[in-house]
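Trainee: Here you go, this is protein-v1.cif (mmCIF, C-alpha atoms and all ligand atoms).
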data_entry
loop_
_atom_site.label_atom_id
_atom_site.label_comp_id
_atom_site.auth_asym_id
_atom_site.auth_seq_id
_atom_site.Cartn_x
_atom_site.Cartn_y
_atom_site.Cartn_z
CA MET U 1 -18.66 -26.51 -7.04
CA ALA U 2 -21.02 -28.17 -4.58
CA ASN U 3 -21.74 -31.87 -5.08
CA PHE U 4 -25.21 -32.74 -6.17
CA ASP U 5 -26.72 -36.19 -6.00
CA VAL U 6 -29.27 -35.93 -8.79
CA GLU U 7 -30.65 -39.43 -8.23
CA ALA U 8 -31.27 -38.66 -4.55
CA ALA U 9 -33.09 -35.47 -5.60
CA ARG U 10 -35.13 -37.32 -8.24
CA SER U 11 -36.24 -39.93 -5.74
CA LYS U 12 -38.14 -37.17 -3.90
CA PHE U 13 -40.35 -36.45 -6.94
CA PRO U 14 -42.85 -39.28 -7.58
CA ALA U 15 -43.61 -38.08 -11.15
CA LEU U 16 -40.00 -38.55 -12.23
CA LYS U 17 -40.60 -42.31 -12.25
CA GLU U 18 -42.83 -41.79 -15.29
CA ASP U 19 -41.59 -42.40 -18.82
CA GLN U 20 -41.40 -38.70 -19.63
CA VAL U 21 -38.50 -36.26 -19.67
CA PHE U 22 -39.81 -33.05 -18.12
CA LEU U 23 -38.34 -30.07 -19.96
CA ASP U 24 -41.25 -27.64 -19.61
CA ASN U 25 -40.39 -26.68 -16.05
CA ALA U 26 -40.82 -22.95 -16.64
CA GLY U 27 -44.44 -23.86 -17.41
CA GLY U 28 -44.75 -25.89 -14.22
CA SER U 29 -42.38 -28.06 -12.22
CA GLN U 30 -42.94 -31.52 -10.84
CA VAL U 31 -44.08 -31.66 -7.25
CA LEU U 32 -42.26 -33.05 -4.22
CA GLY U 33 -43.67 -36.24 -2.70
CA SER U 34 -43.52 -34.52 0.70
CA VAL U 35 -45.89 -31.84 -0.63
CA VAL U 36 -48.34 -34.48 -1.85
CA GLU U 37 -48.23 -36.13 1.58
CA ALA U 38 -48.74 -32.83 3.42
CA ILE U 39 -51.81 -31.99 1.29
CA SER U 40 -53.28 -35.45 1.67
CA ASP U 41 -52.68 -35.38 5.43
CA TRP U 42 -54.39 -32.01 5.73
CA LEU U 43 -57.43 -33.11 3.77
CA ILE U 44 -57.81 -36.21 5.89
CA LYS U 45 -57.09 -34.69 9.30
CA SER U 46 -57.43 -30.91 9.15
CA ASN U 47 -59.99 -29.81 6.58
CA VAL U 48 -62.03 -27.36 8.65
CA GLN U 49 -62.42 -23.60 8.98
CA PHE U 50 -60.10 -21.61 11.24
CA GLY U 51 -61.19 -19.68 14.28
CA GLY U 52 -63.17 -22.39 16.04
CA GLY U 53 -62.29 -23.27 19.62
CA TYR U 54 -62.36 -27.01 18.93
CA LYS U 55 -59.22 -29.09 18.61
CA VAL U 56 -59.09 -29.66 14.84
CA SER U 57 -59.84 -26.01 14.06
CA LYS U 58 -56.99 -24.87 16.31
CA ALA U 59 -54.60 -27.36 14.73
CA SER U 60 -55.64 -26.24 11.24
CA SER U 61 -55.01 -22.55 12.03
CA SER U 62 -51.60 -23.45 13.31
CA ARG U 63 -50.70 -25.50 10.22
CA TYR U 64 -51.85 -22.72 7.88
CA ASN U 65 -49.85 -20.25 9.92
CA ASP U 66 -46.76 -22.41 9.42
CA GLY U 67 -47.34 -22.12 5.66
CA VAL U 68 -47.45 -18.34 5.91
CA THR U 69 -44.31 -18.28 8.05
CA ALA U 70 -42.45 -20.53 5.60
CA GLY U 71 -43.49 -18.40 2.60
CA ALA U 72 -42.39 -15.20 4.32
CA LYS U 73 -39.08 -16.71 5.38
CA PHE U 74 -38.44 -17.92 1.83
CA LEU U 75 -38.29 -14.28 0.71
CA ASN U 76 -36.82 -12.86 3.95
CA ALA U 77 -40.09 -10.99 4.50
CA GLN U 78 -42.37 -10.50 7.49
CA LYS U 79 -45.60 -12.48 7.73
CA ASP U 80 -47.75 -9.38 7.29
CA GLU U 81 -45.90 -8.65 4.03
CA ILE U 82 -47.03 -11.72 2.09
CA ALA U 83 -50.31 -12.89 0.62
CA TYR U 84 -51.18 -16.16 -1.05
CA GLY U 85 -53.51 -16.36 -4.03
CA SER U 86 -54.57 -18.77 -6.73
CA THR U 87 -52.11 -17.54 -9.40
CA ALA U 88 -49.58 -14.77 -9.94
CA THR U 89 -51.89 -13.45 -12.65
CA GLN U 90 -54.73 -13.18 -10.13
CA LEU U 91 -52.57 -11.58 -7.42
CA LEU U 92 -51.24 -8.90 -9.77
CA ARG U 93 -54.76 -8.18 -11.02
CA ASN U 94 -55.97 -7.84 -7.43
CA LEU U 95 -53.01 -5.60 -6.60
CA SER U 96 -53.84 -3.33 -9.53
CA PHE U 97 -57.25 -2.62 -7.96
CA THR U 98 -55.67 -1.43 -4.71
CA PHE U 99 -53.67 1.51 -6.10
CA GLN U 100 -55.20 4.96 -6.10
CA PHE U 101 -52.90 6.90 -8.39
CA GLN U 102 -53.97 10.29 -9.75
CA GLU U 103 -54.87 11.14 -13.32
CA GLY U 104 -51.70 11.99 -15.25
CA ASP U 105 -49.43 9.91 -12.98
CA GLU U 106 -46.95 7.76 -14.86
CA ILE U 107 -46.22 4.05 -14.84
CA VAL U 108 -43.27 2.38 -16.54
CA LEU U 109 -43.96 -1.08 -17.96
CA SER U 110 -41.43 -3.61 -19.18
CA ALA U 111 -42.12 -4.62 -22.77
CA ILE U 112 -40.49 -8.03 -22.38
CA ASP U 113 -42.60 -9.39 -19.52
CA HIS U 114 -45.16 -12.17 -19.32
CA GLU U 115 -48.66 -10.80 -19.95
CA ALA U 116 -49.51 -11.38 -16.26
CA ASN U 117 -47.29 -8.38 -15.48
CA ILE U 118 -48.52 -6.18 -18.32
CA ALA U 119 -52.28 -6.56 -18.69
CA PRO U 120 -53.31 -5.41 -15.18
CA TRP U 121 -51.20 -2.26 -15.49
CA LYS U 122 -52.50 -1.34 -18.93
CA ASP U 123 -55.99 -1.76 -17.55
CA LEU U 124 -55.16 0.32 -14.47
CA ALA U 125 -53.78 3.07 -16.70
CA GLU U 126 -56.99 3.11 -18.70
CA ARG U 127 -59.19 3.18 -15.60
CA LEU U 128 -57.25 5.94 -13.79
CA LYS U 129 -56.07 7.85 -16.90
CA LEU U 130 -52.40 7.23 -16.19
CA VAL U 131 -49.59 7.68 -18.69
CA ILE U 132 -47.77 4.48 -19.72
CA LYS U 133 -44.08 4.64 -20.58
CA TRP U 134 -42.75 1.45 -22.17
CA TRP U 135 -39.36 0.16 -21.07
CA VAL U 136 -38.12 -1.41 -24.31
CA PRO U 137 -34.60 -2.85 -24.53
CA GLN U 138 -32.39 -1.72 -27.39
CA GLU U 139 -33.99 -2.79 -30.69
CA GLY U 140 -32.62 -5.59 -32.79
CA SER U 141 -30.92 -7.62 -30.08
CA THR U 142 -31.48 -11.34 -29.56
CA ASN U 143 -30.42 -10.79 -25.95
CA PRO U 144 -32.64 -7.93 -24.74
CA LYS U 145 -32.08 -6.73 -21.19
CA LEU U 146 -33.86 -4.30 -18.93
CA LEU U 147 -31.03 -1.93 -18.01
CA PRO U 148 -31.14 0.57 -15.14
CA GLU U 149 -29.47 3.19 -17.40
CA ASP U 150 -32.40 2.98 -19.85
CA LEU U 151 -34.90 3.16 -17.01
CA LYS U 152 -33.46 6.46 -15.75
CA ASN U 153 -34.61 8.18 -18.95
CA LEU U 154 -38.18 7.00 -18.39
CA LEU U 155 -38.62 8.25 -14.83
CA SER U 156 -40.05 11.59 -13.74
CA ALA U 157 -41.43 13.14 -10.58
CA LYS U 158 -44.81 11.70 -11.66
CA THR U 159 -43.65 8.05 -11.78
CA ARG U 160 -45.66 5.95 -9.37
CA LEU U 161 -44.93 2.38 -10.46
CA VAL U 162 -42.27 0.47 -12.41
CA THR U 163 -42.79 -3.17 -13.38
CA CYS U 164 -40.24 -5.67 -14.59
CA THR U 165 -39.27 -9.30 -14.61
CA HIS U 166 -36.43 -10.78 -12.58
CA ALA U 167 -35.91 -13.29 -15.39
CA SER U 168 -38.10 -13.70 -18.46
CA ASN U 169 -39.85 -17.03 -19.01
CA ILE U 170 -38.43 -16.99 -22.56
CA LEU U 171 -34.92 -15.64 -22.12
CA GLY U 172 -33.79 -16.81 -18.70
CA THR U 173 -31.59 -13.71 -18.48
CA ILE U 174 -31.13 -12.55 -14.89
CA HIS U 175 -31.76 -8.85 -14.33
CA ASP U 176 -29.96 -6.69 -11.81
CA VAL U 177 -33.04 -6.01 -9.71
CA LYS U 178 -31.11 -4.36 -6.90
CA ALA U 179 -29.67 -1.75 -9.28
CA ILE U 180 -33.12 -1.26 -10.83
CA ALA U 181 -34.65 -0.74 -7.36
CA GLU U 182 -32.05 1.90 -6.54
CA VAL U 183 -32.93 3.83 -9.69
CA VAL U 184 -36.70 3.57 -9.04
CA HIS U 185 -36.29 4.81 -5.49
CA THR U 186 -34.63 8.04 -6.58
CA ILE U 187 -38.27 9.09 -7.17
CA PRO U 188 -40.20 9.65 -3.93
CA ASN U 189 -43.11 7.17 -3.55
CA ALA U 190 -42.34 5.31 -6.81
CA LEU U 191 -42.89 1.57 -6.39
CA LEU U 192 -41.03 -1.31 -8.02
CA LEU U 193 -42.95 -4.50 -8.76
CA VAL U 194 -40.92 -7.52 -9.86
CA ASP U 195 -42.22 -10.71 -11.46
CA GLY U 196 -40.09 -13.46 -9.93
CA VAL U 197 -42.16 -16.38 -11.25
CA SER U 198 -39.42 -17.65 -13.58
CA TYR U 199 -36.52 -16.77 -11.31
CA ALA U 200 -37.70 -18.26 -8.04
CA PRO U 201 -37.23 -21.98 -8.86
CA HIS U 202 -33.54 -21.39 -9.49
CA ARG U 203 -32.08 -18.95 -6.95
CA PRO U 204 -32.80 -17.90 -3.35
CA ILE U 205 -34.49 -14.50 -3.03
CA ASP U 206 -34.04 -11.82 -0.40
CA VAL U 207 -36.57 -9.07 -1.04
CA LYS U 208 -34.97 -6.77 1.55
CA GLU U 209 -31.56 -7.10 -0.04
CA LEU U 210 -33.05 -6.50 -3.49
CA GLY U 211 -34.95 -3.45 -2.21
CA VAL U 212 -38.15 -4.26 -4.14
CA ASP U 213 -41.61 -3.04 -3.09
CA PHE U 214 -43.58 -5.95 -4.56
CA TYR U 215 -42.44 -9.39 -5.70
CA VAL U 216 -44.60 -12.20 -7.05
CA LEU U 217 -43.93 -15.93 -7.50
CA SER U 218 -45.81 -19.17 -8.13
CA TRP U 219 -45.15 -22.26 -6.03
CA TYR U 220 -46.25 -24.64 -8.77
CA LYS U 221 -43.05 -23.68 -10.58
CA ILE U 222 -41.00 -24.25 -7.38
CA PHE U 223 -41.77 -27.95 -6.83
CA GLY U 224 -44.89 -27.12 -4.84
CA PRO U 225 -48.67 -27.00 -5.38
CA HIS U 226 -50.69 -24.68 -7.60
CA VAL U 227 -50.71 -21.59 -5.41
CA SER U 228 -48.93 -18.25 -5.75
CA MET U 229 -47.56 -15.61 -3.42
CA LEU U 230 -47.10 -11.85 -3.43
CA TYR U 231 -44.71 -9.85 -1.25
CA GLY U 232 -45.51 -6.21 -0.49
CA SER U 233 -43.33 -4.26 1.93
CA ARG U 234 -45.03 -2.55 4.86
CA LYS U 235 -44.10 0.83 3.40
CA ALA U 236 -45.46 -0.04 -0.05
CA GLN U 237 -48.70 -1.26 1.52
CA GLU U 238 -49.33 2.31 2.66
CA GLN U 239 -50.14 3.10 -0.98
CA MET U 240 -52.77 0.32 -1.17
CA ARG U 241 -56.40 0.32 -0.18
CA THR U 242 -57.91 -2.92 1.06
CA LEU U 243 -60.09 -5.11 -1.16
CA GLY U 244 -61.37 -6.95 1.93
CA HIS U 245 -64.85 -6.73 3.44
CA PHE U 246 -65.42 -3.49 5.39
CA PHE U 247 -65.78 -5.29 8.73
CA ASN U 248 -62.53 -7.26 8.37
CA PRO U 249 -59.05 -6.12 9.41
CA SER U 250 -56.85 -4.50 6.76
CA ALA U 251 -53.46 -4.38 8.41
CA THR U 252 -51.66 -7.13 6.49
CA LEU U 253 -51.09 -7.77 2.79
CA GLU U 254 -53.23 -10.88 3.13
CA ASN U 255 -56.06 -8.80 4.64
CA LYS U 256 -55.84 -6.37 1.74
CA ILE U 257 -55.54 -8.67 -1.20
CA THR U 258 -56.46 -12.31 -0.56
CA LEU U 259 -60.18 -12.34 -1.21
CA GLY U 260 -62.00 -14.94 0.86
CA SER U 261 -59.98 -17.87 2.10
CA CYS U 262 -57.22 -19.11 -0.14
CA CYS U 263 -56.31 -22.75 -0.63
CA TYR U 264 -55.61 -23.83 2.95
CA GLU U 265 -54.39 -27.30 2.01
CA LEU U 266 -51.90 -25.85 -0.48
CA VAL U 267 -50.55 -23.04 1.69
CA GLN U 268 -49.92 -25.36 4.61
CA SER U 269 -47.82 -27.63 2.34
CA ILE U 270 -45.27 -24.87 1.58
CA PRO U 271 -42.96 -25.80 4.51
CA ALA U 272 -42.32 -29.10 2.66
CA VAL U 273 -40.91 -27.09 -0.27
CA THR U 274 -38.82 -24.71 1.82
CA GLU U 275 -37.47 -27.61 3.87
CA TYR U 276 -36.34 -29.33 0.67
CA LEU U 277 -34.59 -26.24 -0.67
CA GLY U 278 -33.18 -25.17 2.69
CA PRO U 279 -31.89 -21.74 3.67
CA PRO U 280 -30.00 -19.67 1.04
CA GLN U 281 -26.54 -20.27 2.47
CA ALA U 282 -26.71 -23.71 4.09
CA GLY U 283 -29.36 -25.37 1.92
CA SER U 284 -29.26 -27.22 -1.40
CA TRP U 285 -29.23 -24.06 -3.53
CA GLY U 286 -25.54 -24.04 -4.46
CA ALA U 287 -25.70 -27.65 -5.58
CA LEU U 288 -28.85 -27.00 -7.59
CA HIS U 289 -27.12 -24.20 -9.50
CA SER U 290 -24.14 -26.33 -10.34
CA GLN U 291 -26.40 -29.07 -11.70
CA GLU U 292 -28.43 -26.59 -13.73
CA THR U 293 -25.31 -24.86 -15.03
CA GLN U 294 -23.96 -28.17 -16.27
CA LEU U 295 -27.23 -28.86 -18.09
CA GLN U 296 -27.48 -25.43 -19.70
CA ALA U 297 -23.81 -25.53 -20.73
CA ALA U 298 -24.38 -28.81 -22.60
CA LEU U 299 -27.46 -27.59 -24.46
CA LEU U 300 -26.00 -24.16 -25.25
CA GLU U 301 -22.80 -25.72 -26.58
CA TYR U 302 -24.85 -27.71 -29.07
CA LEU U 303 -27.10 -24.79 -30.05
CA ASN U 304 -24.10 -22.45 -30.47
CA SER U 305 -22.42 -25.00 -32.75
CA LYS U 306 -25.23 -24.73 -35.32
CA PRO U 307 -24.99 -21.66 -37.56
CA ASN U 308 -28.70 -21.82 -38.45
CA ILE U 309 -29.87 -21.63 -34.82
CA THR U 310 -30.69 -18.33 -33.09
CA ILE U 311 -30.58 -18.38 -29.29
CA TYR U 312 -32.74 -15.77 -27.55
CA GLY U 313 -31.06 -14.59 -24.34
CA GLU U 314 -27.49 -15.15 -23.17
CA ARG U 315 -25.55 -17.48 -25.45
CA GLY U 316 -23.15 -18.45 -22.67
CA ALA U 317 -23.89 -20.66 -19.65
CA ASP U 318 -22.60 -18.29 -16.93
CA GLU U 319 -24.90 -18.93 -13.95
CA LYS U 320 -24.64 -15.30 -12.89
CA LEU U 321 -26.18 -14.23 -16.18
CA ARG U 322 -28.81 -16.82 -17.00
CA LEU U 323 -31.14 -19.55 -15.82
CA PRO U 324 -31.64 -22.93 -17.55
CA THR U 325 -34.62 -21.67 -19.58
CA ILE U 326 -33.39 -21.71 -23.15
CA SER U 327 -35.29 -20.52 -26.21
CA PHE U 328 -34.24 -20.74 -29.82
CA THR U 329 -35.39 -20.87 -33.42
CA VAL U 330 -33.97 -22.80 -36.34
CA ASP U 331 -33.73 -21.15 -39.78
CA GLY U 332 -35.88 -23.04 -42.24
CA LEU U 333 -37.68 -25.07 -39.57
CA ASP U 334 -40.93 -24.02 -37.91
CA SER U 335 -40.71 -24.19 -34.09
CA ARG U 336 -44.01 -26.02 -33.85
CA GLU U 337 -42.99 -28.54 -36.48
CA LEU U 338 -39.72 -29.28 -34.69
CA VAL U 339 -41.43 -29.89 -31.34
CA GLU U 340 -44.29 -31.92 -32.80
CA THR U 341 -41.90 -34.09 -34.81
CA LEU U 342 -40.01 -35.04 -31.66
CA GLU U 343 -43.20 -35.49 -29.64
CA ARG U 344 -44.25 -38.21 -32.07
CA THR U 345 -41.04 -40.19 -31.70
CA THR U 346 -39.49 -39.42 -28.28
CA ASN U 347 -40.46 -38.86 -24.63
CA PHE U 348 -39.03 -35.32 -24.37
CA GLY U 349 -41.63 -32.90 -23.01
CA PHE U 350 -40.81 -29.39 -24.25
CA ARG U 351 -42.78 -26.71 -26.04
CA TRP U 352 -43.07 -24.13 -28.80
CA GLY U 353 -44.84 -20.76 -28.74
CA ALA U 354 -44.77 -17.32 -27.10
CA PHE U 355 -45.63 -18.58 -23.59
CA TYR U 356 -47.77 -15.48 -22.87
CA SER U 357 -44.74 -13.20 -23.49
CA VAL U 358 -46.46 -11.99 -26.63
CA TYR U 359 -44.87 -8.53 -26.89
CA LEU U 360 -41.42 -10.03 -26.56
CA VAL U 361 -41.85 -12.93 -28.96
CA ASN U 362 -44.24 -11.56 -31.57
CA GLU U 363 -43.48 -7.82 -31.51
CA TYR U 364 -39.91 -7.39 -30.27
CA PHE U 365 -38.47 -10.50 -31.97
CA LYS U 366 -41.15 -10.34 -34.70
CA LEU U 367 -41.56 -14.12 -34.70
CA GLY U 368 -44.66 -15.75 -36.19
CA PRO U 369 -47.32 -17.78 -34.37
CA SER U 370 -45.00 -20.75 -33.71
CA GLY U 371 -42.68 -18.48 -31.75
CA VAL U 372 -39.64 -20.08 -30.18
CA VAL U 373 -38.74 -23.60 -29.12
CA ARG U 374 -38.29 -23.52 -25.33
CA VAL U 375 -36.40 -26.07 -23.28
CA SER U 376 -36.73 -25.20 -19.62
CA MET U 377 -34.73 -27.36 -17.27
CA ALA U 378 -34.79 -27.93 -13.53
CA HIS U 379 -32.17 -29.28 -11.14
CA TYR U 380 -33.74 -32.75 -11.30
CA ASN U 381 -33.01 -33.14 -15.00
CA THR U 382 -29.96 -35.24 -15.76
CA LEU U 383 -27.09 -34.73 -18.14
CA GLU U 384 -28.10 -37.97 -19.85
CA GLU U 385 -31.54 -36.50 -20.53
CA ILE U 386 -30.01 -33.39 -22.08
CA LYS U 387 -27.57 -35.41 -24.17
CA GLY U 388 -30.52 -37.47 -25.38
CA LEU U 389 -32.45 -34.32 -26.24
CA ILE U 390 -29.49 -32.94 -28.19
CA GLU U 391 -29.28 -36.16 -30.18
CA ALA U 392 -33.01 -36.03 -30.89
CA LEU U 393 -32.89 -32.35 -31.88
CA ASP U 394 -29.93 -32.98 -34.12
CA SER U 395 -31.69 -35.80 -35.93
CA VAL U 396 -34.13 -33.18 -37.22
CA ILE U 397 -32.00 -30.01 -37.29
CA SER U 398 -29.04 -31.52 -39.14
CA LYS U 399 -31.36 -32.20 -42.09
CA THR U 400 -31.92 -28.44 -42.46
CA THR U 401 -28.25 -27.42 -42.82
C1 LIG G 501 -42.63 -15.13 -15.90
C2 LIG G 501 -44.04 -15.48 -15.57
N1 LIG G 501 -44.80 -14.59 -14.94
C3 LIG G 501 -46.07 -14.85 -14.61
C4 LIG G 501 -46.63 -16.06 -14.90
C5 LIG G 501 -48.05 -16.32 -14.49
O1 LIG G 501 -48.07 -17.18 -13.40
P1 LIG G 501 -49.44 -17.81 -12.90
O2 LIG G 501 -49.72 -19.01 -13.75
O3 LIG G 501 -49.18 -18.16 -11.47
O4 LIG G 501 -50.46 -16.78 -13.06
C6 LIG G 501 -45.89 -17.04 -15.54
C7 LIG G 501 -46.49 -18.33 -15.89
O5 LIG G 501 -46.03 -19.07 -16.74
C8 LIG G 501 -44.55 -16.74 -15.89
O6 LIG G 501 -43.78 -17.64 -16.51
#
Rewrite the coordinates I just gave you, this time as structure tokens.
Mentor:
Amino acid sequence: MANFDVEAARSKFPALKEDQVFLDNAGGSQVLGSVVEAISDWLIKSNVQFGGGYKVSKASSSRYNDGVTAGAKFLNAQKDEIAYGSTATQLLRNLSFTFQFQEGDEIVLSAIDHEANIAPWKDLAERLKLVIKWWVPQEGSTNPKLLPEDLKNLLSAKTRLVTCTHASNILGTIHDVKAIAEVVHTIPNALLLVDGVSYAPHRPIDVKELGVDFYVLSWYKIFGPHVSMLYGSRKAQEQMRTLGHFFNPSATLENKITLGSCCYELVQSIPAVTEYLGPPQAGSWGALHSQETQLQAALLEYLNSKPNITIYGERGADEKLRLPTISFTVDGLDSRELVETLERTTNFGFRWGAFYSVYLVNEYFKLGPSGVVRVSMAHYNTLEEIKGLIEALDSVISKTT
């Protein structure tokens, strides 16, 4: 197991000096100080439009370009295969307006995804008169998984698009995206779109190795600023029309999908994030996993020890199977009430609800409006914080048994 100096990592995040334990990281992570500095530096020294011949304009283009290069490298993609945008929700909505499928074509939608990866496709189906096939994991499980075997039964020669999550923002279960991509690509021209928003803060991603056609993530969950990024392979882009102005180029994904100019100061700060995380093999990734695995093992051990707690997702802490995003309910205790009770008396920042995964939480699990309690950890959380949370949870939960 790689050594991880959690205090050294924490010192790089200015917000971690605050009197708050951040356990809503799947909602949004804390930001690196180096990112804050890069944005501030840009706004002071480089805040002009690109394309001018004057010195600052040239320097700005070059800094933005470094942000694009860093984003592409993060996913092992080419620069013309990525586009930045304000949010993943926005990028997927834009993408949905680029496809020109035919009436009667079929799309397969995961029923356990965040709404950002459902709504645009339902809308597309309505606009183009497509047939939706829902990919629903076996009923009645508290650990639903999107399995390639189930997907096979949903595909046909008419399938044009399959959508799924790499890891749900509720469950943290890691899906075998490579195996899913192989199944999708048995159908000529079928595209696989993966929502990597929850997965990306925890594991390195190689879109070529995974064999996906589209992959979306949000940097504000990966220790960076509030900007998101879509990957689209060159081949997949052949099935897109451009949303850009008629007189502008349309060769790259950015040309096709980033409307206007997106968030220069944020994009150019991305190298600060990728530098912190380092390359997949030589960087900090291995150490981050081991820290996260330790944290999730501690919390899961406690939750598993309570007979009146239901864990949604993997019950074990195996890092190959799950991420440190852990959701649960307590029999006889409303999720909202549990969270609000501890908010009044402690500094633990965690949440209750459906977290925009409404089909999963309210229809598949049939949970009421308070949904689940979600504790979503990041590598900068400490074991002491998690032990403190367990103690706080137990002070309320033990009264219900
Ligand atoms: C799994 C997942 N997908 C998509 C999104 C939407 O991301 P964005 O806020 O960038 O639109 C979120 C946000 O919480 C998410 O957790």
Trainee: Near Leu217 in chain U, within 9 Å and counting only C-alpha atoms, which residues show up once chain neighbours fewer than 6 positions away are dropped, as a list in words?
Mentor: Thr87, Ala88, Asp195, Gly196, Val197, Ser198, Tyr199, Ala200, Ser228, Met229, Leu230 and Tyr231 of chain U
Trainee: Using all atoms listed in the file, determine which residues fall within 8 Å of ligand LIG 501 (chain G), then list them as a PyMOL selection string.
Mentor: chain U and resi 26-28+86-91+113-117+165+167-169+195-199+217-220+226-228+355-356
Trainee: Please list as a VMD selection string every residue within 7 Å of Pro14 in chain U, counting all atoms listed in the file and excluding residues in the same chain fewer than 3 positions away.
Mentor: chain U and resid 11 17 33
Trainee: Measuring atom to atom with all atoms listed in the file, identify which of U:Phe214, U:Trp135, U:Phe13, U:Phe350 is nearest to Pro148 in chain U.
Mentor: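 So, comparing all the options, the nearest one is U:Trp135.
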Trainee: Show which residues sit within 7 Å of Ile170 in chain U, as number ranges by chain. Count all atoms listed in the file, and ignore same-chain residues fewer than 4 positions away.
Mentor: U: 325-327
Trainee: Kindly indicate which residue among U:Leu243, U:Leu75, U:Val21, U:Val358 lies nearest to Arg203 in chain U, using all atoms listed in the file for the distances.
Mentor: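 Under the stated criterion, the closest residue is U:Leu75.
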Trainee: Using all atoms listed in the file, which of the listed residues (U:Leu323, U:Gly353, U:Ser141, U:Ile222) sits closest to Ala272 in chain U?
Mentor: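 Among U:Leu323, U:Gly353, U:Ser141, U:Ile222, it is U:Ile222 that comes nearest to Ala272 in chain U.
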Trainee: Just give me the gap between CA of Asn381 in chain U and CA of Leu295 in chain U in Å, one decimal is fine.
Mentor: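 Result for CA of Asn381 in chain U versus CA of Leu295 in chain U: 7.8 Å, one decimal.
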Trainee: Using only C-alpha atoms for the distances, tell me which of U:Met377, U:Val330, U:Leu192, U:Leu147 is nearest to Ala297 in chain U.
Mentor: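 The closest residue to Ala297 in chain U is U:Met377.
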Trainee: Work out how far CA of Glu314 in chain U is from CA of Val177 in chain U, in Å to one decimal.
Mentor: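 A separation of 17.2 Å between them.
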Trainee: Would you mind listing what lies within 9 Å of Tyr359 in chain U as a list in words, with all atoms listed in the file counted and same-chain residues fewer than 4 positions away left out?
Mentor: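 Surrounding residues, per the criterion: Ala111, Ile112, Asp113, His114, Glu115, Ala354, Glu363, Tyr364, Phe365 and Lys366 of chain U.
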Trainee: May I have the residues within 8 Å of range 38-49 of chain U as a compact mmCIF listing (two decimals) with C-alpha atoms, in the frame of the given file, using all atoms listed in the file and disregarding those fewer than 6 positions away in the same chain?
Mentor:
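Below you can see selection-v7.txt, which holds the result:
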# COMPACT_ATOMS: atom_id res chain seq x y z
CA VAL U 56 -59.09 -29.66 14.84
CA SER U 57 -59.84 -26.01 14.06
CA ALA U 59 -54.60 -27.36 14.73
CA SER U 60 -55.64 -26.24 11.24
CA GLU U 265 -54.39 -27.30 2.01
CA LEU U 266 -51.90 -25.85 -0.48
CA GLN U 268 -49.92 -25.36 4.61
CA SER U 269 -47.82 -27.63 2.34
CA ALA U 272 -42.32 -29.10 2.66
Trainee: In Å to one decimal, how far is CA of Lys158 in chain U from CA of Phe99 in chain U?
Mentor: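 If I compute the distance from CA of Phe99 in chain U to CA of Lys158 in chain U, I get 14.6 Å.
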Trainee: Which residue, U:Tyr264, U:Ile257, U:Val183, U:Ala72, has the smallest gap to His245 in chain U when you use only C-alpha atoms?
Mentor: U:Ile257
Trainee: With only C-alpha atoms as the atoms that count, which of U:Leu288, U:Leu32, U:Val267, U:Ser335 lies nearest to Ser62 in chain U?
Mentor: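 Closest to Ser62 in chain U, using only C-alpha atoms: U:Val267.
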Trainee: Kindly provide, as AutoDock Vina command-line options, the centre and edge lengths (Å, one decimal) of an axis-aligned box around all atoms of range 224-229 of chain U given in the file, with 6 Å on each side.
Mentor:
--center_x -47.8 --center_y -21.4 --center_z -5.5 --size_x 17.8 --size_y 23.5 --size_z 16.2
Trainee: Kindly write range 42-66 of chain U with C-alpha atoms to a file, as an mmCIF file, in the first residue's frame.
Mentor:
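Listing of out18.cif after writing:
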data_model
loop_
_atom_site.group_PDB
_atom_site.id
_atom_site.type_symbol
_atom_site.label_atom_id
_atom_site.label_comp_id
_atom_site.auth_asym_id
_atom_site.auth_seq_id
_atom_site.Cartn_x
_atom_site.Cartn_y
_atom_site.Cartn_z
ATOM 1 C CA TRP U 42 -4.988 34.975 -14.902
ATOM 2 C CA LEU U 43 -7.537 37.593 -13.923
ATOM 3 C CA ILE U 44 -4.821 40.037 -12.970
ATOM 4 C CA LYS U 45 -2.421 39.416 -15.853
ATOM 5 C CA SER U 46 -4.215 37.654 -18.695
ATOM 6 C CA ASN U 47 -7.892 38.572 -18.849
ATOM 7 C CA VAL U 48 -8.230 39.397 -22.547
ATOM 8 C CA GLN U 49 -9.666 37.795 -25.672
ATOM 9 C CA PHE U 50 -7.584 35.362 -27.715
ATOM 10 C CA GLY U 51 -6.509 35.915 -31.275
ATOM 11 C CA GLY U 52 -4.996 39.377 -30.918
ATOM 12 C CA GLY U 53 -1.429 39.947 -32.062
ATOM 13 C CA TYR U 54 -0.507 41.834 -28.887
ATOM 14 C CA LYS U 55 1.588 40.310 -26.133
ATOM 15 C CA VAL U 56 -1.068 39.643 -23.481
ATOM 16 C CA SER U 57 -3.494 38.131 -25.988
ATOM 17 C CA LYS U 58 -0.831 35.722 -27.227
ATOM 18 C CA ALA U 59 0.083 34.736 -23.673
ATOM 19 C CA SER U 60 -3.592 34.186 -22.814
ATOM 20 C CA SER U 61 -4.149 31.889 -25.821
ATOM 21 C CA SER U 62 -1.153 29.885 -24.794
ATOM 22 C CA ARG U 63 -2.313 29.538 -21.175
ATOM 23 C CA TYR U 64 -5.803 28.460 -22.266
ATOM 24 C CA ASN U 65 -4.235 25.979 -24.641
ATOM 25 C CA ASP U 66 -2.282 24.490 -21.735
#
